[in-house]
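Colleague: So that you have it, the file is work31.txt, and it contains compact mmCIF, C-alpha atoms:
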```
# COMPACT_ATOMS: atom_id res chain seq x y z
CA MET S 1 4.40 11.68 19.22
CA THR S 2 0.87 10.91 20.22
CA GLU S 3 1.85 9.93 23.77
CA GLN S 4 2.48 13.56 24.69
CA THR S 5 -0.11 15.32 22.59
CA ASP S 6 -3.25 13.24 22.89
CA PRO S 7 -4.97 13.33 26.29
CA ALA S 8 -7.24 10.45 25.26
CA ASP S 9 -4.23 8.18 24.87
CA ASP S 10 -3.71 5.83 27.79
CA ALA S 11 -3.06 2.17 28.44
CA SER S 12 -6.43 1.21 26.98
CA TRP S 13 -5.43 1.82 23.34
CA PHE S 14 -5.10 -1.87 22.62
CA ARG S 15 -8.45 -2.68 24.21
CA ASP S 16 -10.15 0.14 22.24
CA GLY S 17 -8.59 -1.07 19.00
CA ALA S 18 -9.54 -4.68 19.66
CA LEU S 19 -13.15 -3.76 20.50
CA ALA S 20 -13.43 -1.72 17.30
CA SER S 21 -11.90 -4.43 15.13
CA TRP S 22 -13.86 -7.50 16.21
CA PRO S 23 -16.69 -7.05 13.67
CA ILE S 24 -14.05 -6.95 10.91
CA CYS S 25 -12.22 -10.02 12.23
CA PHE S 26 -15.52 -11.83 12.60
CA GLY S 27 -16.53 -10.94 9.07
CA TYR S 28 -13.16 -12.02 7.65
CA ILE S 29 -13.41 -15.58 9.01
CA PRO S 30 -15.97 -16.96 6.50
CA ILE S 31 -14.43 -15.06 3.58
CA GLY S 32 -10.90 -16.10 4.52
CA LEU S 33 -11.94 -19.73 4.89
CA ALA S 34 -13.66 -19.59 1.49
CA LEU S 35 -10.54 -18.16 -0.14
CA GLY S 36 -8.39 -20.84 1.49
CA VAL S 37 -10.67 -23.58 0.18
CA LEU S 38 -10.56 -22.18 -3.38
CA ALA S 39 -6.77 -21.85 -3.22
CA ASN S 40 -6.55 -25.41 -1.97
CA GLN S 41 -8.69 -26.60 -4.91
CA ALA S 42 -6.43 -24.63 -7.27
CA GLU S 43 -3.54 -26.63 -5.78
CA ILE S 44 -1.84 -23.59 -4.30
CA PRO S 45 0.23 -24.81 -1.32
CA VAL S 46 -0.75 -23.75 2.22
CA TRP S 47 2.49 -21.80 2.72
CA ALA S 48 1.82 -19.87 -0.49
CA VAL S 49 -1.70 -18.94 0.72
CA ALA S 50 -0.18 -17.58 3.95
CA MET S 51 2.49 -15.73 1.94
CA MET S 52 -0.15 -14.17 -0.31
CA SER S 53 -2.26 -12.97 2.63
CA VAL S 54 0.76 -11.42 4.36
CA LEU S 55 2.23 -9.73 1.25
CA VAL S 56 -0.99 -8.60 -0.44
CA PHE S 57 -3.68 -8.36 2.29
CA ALA S 58 -6.53 -7.50 -0.07
CA GLY S 59 -9.52 -9.84 -0.18
CA SER S 60 -11.03 -9.27 -3.61
CA ALA S 61 -7.66 -9.18 -5.41
CA GLN S 62 -6.70 -12.48 -3.79
CA PHE S 63 -9.92 -14.15 -4.98
CA ILE S 64 -9.24 -12.84 -8.48
CA CYS S 65 -5.64 -14.08 -8.30
CA VAL S 66 -6.79 -17.62 -7.44
CA ALA S 67 -9.35 -17.56 -10.25
CA MET S 68 -6.77 -16.26 -12.74
CA LEU S 69 -4.17 -18.84 -11.69
CA THR S 70 -6.81 -21.56 -12.18
CA ALA S 71 -7.54 -20.13 -15.64
CA GLY S 72 -3.83 -20.17 -16.49
CA ALA S 73 -3.29 -16.39 -16.66
CA SER S 74 0.24 -14.97 -16.76
CA ILE S 75 1.91 -13.53 -13.67
CA TRP S 76 2.04 -10.06 -15.25
CA ALA S 77 -1.69 -10.15 -16.07
CA ILE S 78 -2.47 -11.04 -12.44
CA ILE S 79 -0.22 -8.25 -11.09
CA PHE S 80 -1.77 -5.68 -13.42
CA THR S 81 -5.32 -6.75 -12.52
CA THR S 82 -4.43 -6.52 -8.82
CA PHE S 83 -3.19 -2.97 -9.37
CA VAL S 84 -6.45 -1.90 -11.02
CA VAL S 85 -8.66 -3.66 -8.47
CA ASN S 86 -6.82 -2.05 -5.54
CA LEU S 87 -6.53 1.50 -6.91
CA ARG S 88 -9.59 2.42 -4.82
CA HIS S 89 -7.36 2.44 -1.72
CA PHE S 90 -5.85 5.63 -3.14
CA LEU S 91 -9.05 7.46 -2.20
CA MET S 92 -9.19 5.89 1.26
CA SER S 93 -5.56 6.70 1.96
CA SER S 94 -6.21 10.33 0.94
CA ALA S 95 -9.23 10.60 3.22
CA VAL S 96 -7.52 9.03 6.24
CA ALA S 97 -4.44 11.27 5.78
CA VAL S 98 -6.46 14.19 7.16
CA HIS S 99 -6.54 12.42 10.55
CA LEU S 100 -2.90 11.37 10.61
CA SER S 101 -1.28 14.70 9.79
CA GLY S 102 2.13 15.36 11.25
CA LEU S 103 2.77 11.71 12.08
CA ARG S 104 6.32 10.41 11.56
CA ARG S 105 6.89 8.99 8.08
CA ILE S 106 7.96 5.56 9.28
CA LEU S 107 4.61 5.21 11.07
CA LEU S 108 2.73 6.36 7.97
CA ASN S 109 4.58 3.69 5.96
CA LEU S 110 3.45 1.06 8.46
CA PHE S 111 -0.12 2.32 8.57
CA ALA S 112 -0.51 2.28 4.78
CA TYR S 113 -0.08 -1.51 4.68
CA GLY S 114 -3.27 -2.06 6.68
CA ILE S 115 -5.68 0.19 4.75
CA THR S 116 -8.58 -1.97 3.54
CA ASP S 117 -12.25 -1.22 2.80
CA GLU S 118 -13.15 -2.50 6.26
CA SER S 119 -10.41 -0.96 8.43
CA PHE S 120 -10.83 2.33 6.57
CA ALA S 121 -14.57 2.45 7.26
CA VAL S 122 -14.19 1.56 10.95
CA ASN S 123 -11.30 3.96 11.57
CA MET S 124 -12.94 6.89 9.75
CA ALA S 125 -16.10 6.51 11.84
CA ARG S 126 -13.99 6.50 15.02
CA PHE S 127 -11.76 9.41 14.01
CA ARG S 128 -14.87 11.41 13.27
CA ARG S 129 -16.40 10.61 16.66
CA GLY S 130 -13.17 11.66 18.42
CA GLY S 131 -10.92 10.03 21.04
CA TRP S 132 -9.25 8.00 18.29
CA ASP S 133 -5.57 8.09 17.39
CA PHE S 134 -2.82 6.36 15.43
CA LYS S 135 -2.21 3.59 17.98
CA ARG S 136 -5.87 2.61 18.14
CA ALA S 137 -6.26 2.81 14.38
CA ILE S 138 -3.21 0.67 13.60
CA THR S 139 -4.41 -1.87 16.19
CA VAL S 140 -7.61 -2.19 14.16
CA ASN S 141 -5.59 -2.59 10.94
CA GLN S 142 -3.22 -5.20 12.31
CA LEU S 143 -5.77 -7.31 14.20
CA ALA S 144 -7.84 -7.44 11.00
CA ASN S 145 -4.65 -8.43 9.16
CA LEU S 146 -4.00 -11.20 11.70
CA ALA S 147 -7.58 -12.51 11.37
CA TRP S 148 -7.21 -12.48 7.57
CA VAL S 149 -3.90 -14.37 7.51
CA LEU S 150 -5.15 -16.95 10.05
CA SER S 151 -8.53 -17.53 8.39
CA THR S 152 -7.19 -17.82 4.83
CA THR S 153 -4.45 -20.21 5.96
CA SER S 154 -6.90 -22.29 8.01
CA GLY S 155 -9.22 -22.38 5.01
CA ALA S 156 -6.44 -23.92 2.94
CA VAL S 157 -5.89 -26.57 5.63
CA ILE S 158 -9.35 -27.47 6.96
CA GLY S 159 -11.79 -25.35 4.95
CA GLN S 160 -13.38 -28.12 2.91
CA PHE S 161 -15.05 -29.45 6.09
CA ILE S 162 -16.91 -26.20 6.84
CA PRO S 163 -20.26 -25.48 5.15
CA ARG S 164 -20.28 -22.17 3.27
CA GLY S 165 -22.45 -19.37 4.64
CA ALA S 166 -23.48 -21.11 7.88
CA PHE S 167 -25.44 -18.87 10.30
CA GLY S 168 -25.54 -15.93 7.90
CA THR S 169 -21.78 -15.32 8.05
CA ASP S 170 -21.88 -14.24 4.40
CA TYR S 171 -23.78 -11.14 5.54
CA ALA S 172 -21.37 -10.08 8.30
CA LEU S 173 -19.39 -7.52 6.28
CA THR S 174 -22.51 -6.21 4.52
CA ALA S 175 -24.17 -5.58 7.90
CA MET S 176 -21.01 -3.87 9.11
CA PHE S 177 -20.90 -1.58 6.06
CA LEU S 178 -24.61 -0.74 6.57
CA ALA S 179 -24.05 0.25 10.19
CA LEU S 180 -20.91 2.27 9.40
CA LEU S 181 -22.76 4.04 6.60
CA LEU S 182 -25.63 4.96 8.91
CA PHE S 183 -23.19 6.36 11.51
CA GLN S 184 -21.66 8.65 8.85
CA LEU S 185 -24.94 10.30 7.77
CA HIS S 186 -24.52 13.51 9.78
CA ASN S 187 -26.76 15.74 7.70
CA MET S 188 -28.81 15.90 4.51
CA ILE S 189 -25.74 16.52 2.31
CA TYR S 190 -24.30 13.14 3.28
CA VAL S 191 -27.64 11.42 2.70
CA LEU S 192 -27.86 12.91 -0.81
CA THR S 193 -24.21 11.96 -1.49
CA GLY S 194 -25.00 8.40 -0.44
CA ILE S 195 -28.09 8.20 -2.65
CA ALA S 196 -26.08 9.56 -5.59
CA ALA S 197 -23.37 6.92 -4.98
CA LEU S 198 -25.95 4.10 -4.79
CA VAL S 199 -27.58 5.12 -8.08
CA ILE S 200 -24.31 5.75 -9.95
CA ALA S 201 -22.61 2.60 -8.61
CA THR S 202 -25.59 0.39 -9.51
CA ALA S 203 -25.74 1.73 -13.08
CA TRP S 204 -21.94 1.65 -13.48
CA TYR S 205 -21.78 -1.92 -12.13
CA ILE S 206 -24.43 -3.10 -14.58
CA PHE S 207 -23.07 -1.40 -17.68
CA ILE S 208 -19.30 -1.40 -17.24
CA PRO S 209 -17.39 -4.68 -16.63
CA GLY S 210 -14.71 -4.89 -13.98
CA ASN S 211 -14.82 -3.03 -10.69
CA SER S 212 -14.16 0.54 -11.81
CA TYR S 213 -17.62 1.31 -10.38
CA ILE S 214 -16.15 1.68 -6.88
CA ILE S 215 -13.75 4.47 -7.83
CA GLY S 216 -16.02 5.97 -10.50
CA ALA S 217 -19.14 6.19 -8.36
CA SER S 218 -17.20 7.33 -5.25
CA ILE S 219 -15.50 10.21 -7.06
CA SER S 220 -18.71 11.25 -8.86
CA ALA S 221 -20.87 11.14 -5.74
CA ALA S 222 -18.27 12.90 -3.54
CA THR S 223 -18.04 15.66 -6.15
CA ILE S 224 -21.83 16.00 -6.26
CA GLY S 225 -21.87 16.17 -2.44
CA PHE S 226 -19.08 18.74 -2.47
CA PHE S 227 -21.00 21.06 -4.81
CA LEU S 228 -24.22 20.56 -2.84
CA LYS S 229 -22.35 21.68 0.27
CA ARG S 230 -20.92 24.69 -1.61
CA TYR S 231 -24.43 25.61 -2.76
CA GLN S 232 -25.82 25.26 0.76
CA ASP S 233 -23.01 27.36 2.26
CA SER S 234 -23.50 30.10 -0.34
CA ARG S 235 -27.15 30.48 0.62
CA LYS S 236 -26.40 31.02 4.34
CA MET L 1 4.94 -23.02 -9.61
CA ASN L 2 7.83 -23.13 -7.16
CA PHE L 3 8.72 -20.92 -4.20
CA SER L 4 10.42 -18.16 -6.22
CA ASP L 5 7.51 -18.01 -8.72
CA TYR L 6 5.06 -17.51 -5.88
CA LEU L 7 7.33 -14.98 -4.18
CA PHE L 8 7.59 -12.98 -7.41
CA LEU L 9 3.82 -13.09 -8.05
CA PHE L 10 2.73 -12.22 -4.52
CA GLY L 11 5.57 -9.73 -4.07
CA GLY L 12 4.45 -7.96 -7.25
CA MET L 13 0.81 -8.02 -6.21
CA GLY L 14 1.83 -6.73 -2.75
CA LEU L 15 3.84 -3.87 -4.25
CA VAL L 16 1.09 -2.63 -6.60
CA THR L 17 -1.41 -2.91 -3.72
CA TYR L 18 0.83 -1.06 -1.27
CA LEU L 19 1.63 1.90 -3.56
CA PRO L 20 -1.92 3.38 -3.79
CA ARG L 21 -2.35 2.76 -0.05
CA TRP L 22 0.86 4.56 0.75
CA LEU L 23 1.33 7.44 -1.71
CA PRO L 24 -1.50 9.78 -0.58
CA LEU L 25 -0.83 9.10 3.10
CA PHE L 26 2.88 9.80 2.71
CA TYR L 27 2.40 13.06 0.84
CA LEU L 28 -0.85 14.46 2.22
CA ALA L 29 -0.24 13.80 5.93
CA GLN L 30 2.80 16.10 5.90
CA ARG L 31 1.02 19.07 4.34
CA ARG L 32 -1.72 21.48 5.27
CA LEU L 33 -4.55 20.59 2.94
CA PRO L 34 -6.69 23.30 1.33
CA GLN L 35 -10.20 23.53 2.77
CA TRP L 36 -11.89 22.49 -0.50
CA LEU L 37 -9.92 19.23 -0.53
CA ILE L 38 -10.81 18.50 3.11
CA ASP L 39 -14.48 19.12 2.29
CA TRP L 40 -14.33 16.85 -0.76
CA LEU L 41 -12.50 14.10 1.14
CA SER L 42 -15.12 14.25 3.93
CA MET L 43 -17.66 12.97 1.39
CA ILE L 44 -15.48 9.98 0.44
CA PRO L 45 -16.39 7.53 3.26
CA VAL L 46 -20.15 7.74 2.59
CA ALA L 47 -19.56 7.59 -1.18
CA ILE L 48 -17.28 4.53 -0.93
CA LEU L 49 -19.56 2.65 1.47
CA CYS L 50 -22.57 3.21 -0.82
CA SER L 51 -20.55 2.21 -3.89
CA LEU L 52 -19.47 -1.03 -2.22
CA LEU L 53 -23.00 -1.80 -1.01
CA ALA L 54 -24.93 -0.93 -4.20
CA PRO L 55 -24.23 -4.12 -6.22
CA ILE L 56 -24.83 -6.32 -3.15
CA LEU L 57 -28.21 -4.71 -2.43
CA PHE L 58 -29.59 -3.94 -5.88
CA THR L 59 -28.09 -6.33 -8.44
CA ASP L 60 -27.79 -9.99 -9.24
CA GLN L 61 -24.02 -10.37 -9.07
CA SER L 62 -23.71 -13.48 -11.21
CA SER L 63 -25.46 -11.89 -14.22
CA ARG L 64 -24.64 -8.25 -13.32
CA SER L 65 -28.24 -7.12 -13.83
CA LEU L 66 -30.68 -5.08 -11.77
CA SER L 67 -32.43 -7.15 -9.09
CA LEU L 68 -34.77 -5.28 -6.76
CA GLY L 69 -36.13 -6.79 -3.57
CA LYS L 70 -33.43 -9.40 -3.09
CA PRO L 71 -32.92 -10.84 0.45
CA GLU L 72 -29.73 -8.79 0.94
CA PHE L 73 -31.81 -5.63 0.48
CA LEU L 74 -34.84 -6.75 2.51
CA VAL L 75 -32.61 -7.79 5.42
CA ALA L 76 -30.78 -4.44 5.18
CA ILE L 77 -33.90 -2.50 6.22
CA PRO L 78 -34.37 -4.00 9.72
CA THR L 79 -30.56 -4.11 10.09
CA LEU L 80 -30.36 -0.35 9.46
CA LEU L 81 -33.24 0.28 11.87
CA PHE L 82 -31.42 -1.72 14.54
CA ALA L 83 -28.23 0.29 13.90
CA LEU L 84 -30.21 3.54 14.12
CA LYS L 85 -31.83 2.51 17.40
CA THR L 86 -28.79 1.02 19.18
CA LYS L 87 -25.77 2.75 17.54
CA SER L 88 -23.99 -0.58 18.09
CA LEU L 89 -21.68 -1.84 15.34
CA GLY L 90 -21.11 -5.31 16.79
CA GLY L 91 -24.79 -5.78 17.62
CA THR L 92 -25.78 -4.73 14.11
CA VAL L 93 -23.40 -7.28 12.59
CA LEU L 94 -24.91 -10.08 14.72
CA VAL L 95 -28.52 -8.99 14.03
CA GLY L 96 -27.82 -8.68 10.28
CA MET L 97 -26.27 -12.15 10.18
CA GLY L 98 -29.14 -13.65 12.17
CA LEU L 99 -31.81 -12.08 9.96
CA TYR L 100 -29.99 -13.11 6.79
CA TRP L 101 -29.68 -16.65 8.09
CA LEU L 102 -33.40 -16.73 8.98
CA SER L 103 -34.32 -15.34 5.56
CA SER L 104 -32.39 -18.15 3.88
CA LEU L 105 -34.26 -20.71 6.01
CA PHE L 106 -37.82 -19.40 5.68
CA LEU L 107 -38.18 -17.11 2.69
CA TRP L 108 -36.17 -18.51 -0.19
```
Represent the structure of the file as structure tokens.

Modeller:
Amino acid sequence: MTEQTDPADDASWFRDGALASWPICFGYIPIGLALGVLANQAEIPVWAVAMMSVLVFAGSAQFICVAMLTAGASIWAIIFTTFVVNLRHFLMSSAVAVHLSGLRRILLNLFAYGITDESFAVNMARFRRGGWDFKRAITVNQLANLAWVLSTTSGAVIGQFIPRGAFGTDYALTAMFLALLLFQLHNMIYVLTGIAALVIATAWYIFIPGNSYIIGASISAATIGFFLKRYQDSRK
Amino acid sequence: MNFSDYLFLFGGMGLVTYLPRWLPLFYLAQRRLPQWLIDWLSMIPVAILCSLLAPILFTDQSSRSLSLGKPEFLVAIPTLLFALKTKSLGGTVLVGMGLYWLSSLFLW
């Protein structure tokens, strides 16, 4: 296990994980509260909001679920929509697997539960920088999970008293994504891949309903980046 | 809906969310990946982050149409410069929030 093999692993793993996760937890508070308020208005009980956040742990799908329940959609329609909306995690799980190779299967099963857009982005940046391991990464996942469960549940209880978007909290996750993106731009190939993704995702988002733009633009842009790298390597 | 209805709904949603999170990790982490796949996967974080950001920065999300120069985009420029200068994730989040808050007070 990591205790023997990783020299960077010491008693500070929890502190490292907590420090890396606070921007996520901070960003989840306004979104979680907002979800709780909506669920409360849709007359979903507080215990059910907590149950949803623990079992599903996926922000956008939970918003869609509340909206669909309000609109009277069937349970099967909601489950199918959730599946489609969350398919993007397939790509993230594939990319993070590179950094968790050889880990025991039980630990991989646990880790998979906590893969979200936010924890994925933070952990990938840290893995890339080095000195990061399974314990630190799963600390990020699970603290974010805790913040999500607590904020959505609190939103269902007290959320209607809190003004939406106070102090720019709506921008917290956007700012975090911007910073994480900047930290990943190691050379020109990544910059071009990013530009390709921005252009494709914007066009896809405008012309195709739903949220297939995330998977569609990610796969297209990564493939463009891959061939750009191939081309660059072949000219060396 | 009663307790068992909610349990069935959220259990089902949880299952279909967990499967795509779990399947690649479970299979790929036990194997030696070919170099081309590692290279392709290394492009995924940048591609996903840009795909998630694009509609926020460049479109009006209620009408799903192109919207250039919206506050989210204008605030992103100094936020990125701050991130470039300081390399601080937490600081960038606070600065981005502060600028976005100010923009809502003074500009729009």

Colleague: Compile the contact shell of Ala50 in chain S as number ranges by chain: residues with an atom at most 6 Å away, counting only C-alpha atoms, same-chain residues fewer than 3 positions apart removed.

Modeller: S: 47, 53, 153

Colleague: Can you spit out the residues from that selection as a PDB file, keeping the file's coordinate frame, using C-alpha atoms?

Modeller:
```pdb
ATOM      1  CA  TRP S  47       2.490 -21.800   2.720  1.00  0.00           C
ATOM      2  CA  SER S  53      -2.260 -12.970   2.630  1.00  0.00           C
ATOM      3  CA  THR S 153      -4.450 -20.210   5.960  1.00  0.00           C
TER       4      THR S 153
END
```

Colleague: Expressed in Å to a single decimal, how great is the separation between CA of Asn109 in chain S and CA of Gly17 in chain S?

Modeller: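 Separation of CA of Asn109 in chain S and CA of Gly17 in chain S: 19.1 Å.
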
Colleague: Would you please work out which residue, of L:Phe106, L:Trp22, L:Phe3, L:Phe73, is nearest to chain S when using only C-alpha atoms?

Modeller: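 So, comparing all the options, the nearest one is L:Trp22.
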
Colleague: So how many Å separate CA of Gly96 in chain L and CA of Tyr205 in chain S, to one decimal?

Modeller: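 Going from CA of Gly96 in chain L over to CA of Tyr205 in chain S covers 24.2 Å.
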
Colleague: With a distance cut-off of 10 Å and only C-alpha atoms, select the neighbouring residues of Phe227 in chain S, excluding the residue or stretch itself and same-chain residues fewer than 4 positions from it, and output the selection as a list in words.

Modeller: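 Near neighbours after the sequence-gap exclusion: Ile189, Ala221, Ala222, Thr223, Tyr231, Gln232 and Asp233 of chain S; Asp39 and Trp40 of chain L.
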
Colleague: For Pro20 in chain L, please output as an NGL selection string all residues within 6 Å (counting only C-alpha atoms; exclusion window: fewer than 5 positions along the same chain).

Modeller: :S and (87 or 89-90)

Colleague: Print the selection's residues with C-alpha atoms to a file, as a PDB file, in the coordinates of the input.

Modeller:
```pdb
ATOM      1  CA  LEU S  87      -6.530   1.500  -6.910  1.00  0.00           C
ATOM      2  CA  HIS S  89      -7.360   2.440  -1.720  1.00  0.00           C
ATOM      3  CA  PHE S  90      -5.850   5.630  -3.140  1.00  0.00           C
TER       4      PHE S  90
END
```

Colleague: Please compute the CA of Pro45 in chain S-CA of Gly155 in chain S distance, one decimal, in Å.

Modeller: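 Taking CA of Pro45 in chain S and CA of Gly155 in chain S, their separation equals 11.6 Å.
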
Colleague: With 6 Å as the limit and counting all atoms listed in the file, what residues in chain L lie close to chain S? Please list them as a count of residues only.

Modeller: 34

Colleague: Kindly indicate which residue among S:Phe63, S:Val37, S:Asn123, S:Gly32 lies nearest to Lys135 in chain S, using all atoms listed in the file for the distances.

Modeller: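 For Lys135 in chain S, the nearest of the given residues is S:Asn123.
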
Colleague: Using all atoms listed in the file, which protein or nucleic acid residues come within 10 Å of Leu74 in chain L? Drop anything in the same chain fewer than 5 positions from it, and give the result as a list in words.

Modeller: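 In the requested format, the answer is Leu57, Leu68, Gly69, Thr79, Leu99, Tyr100 and Ser103 of chain L.
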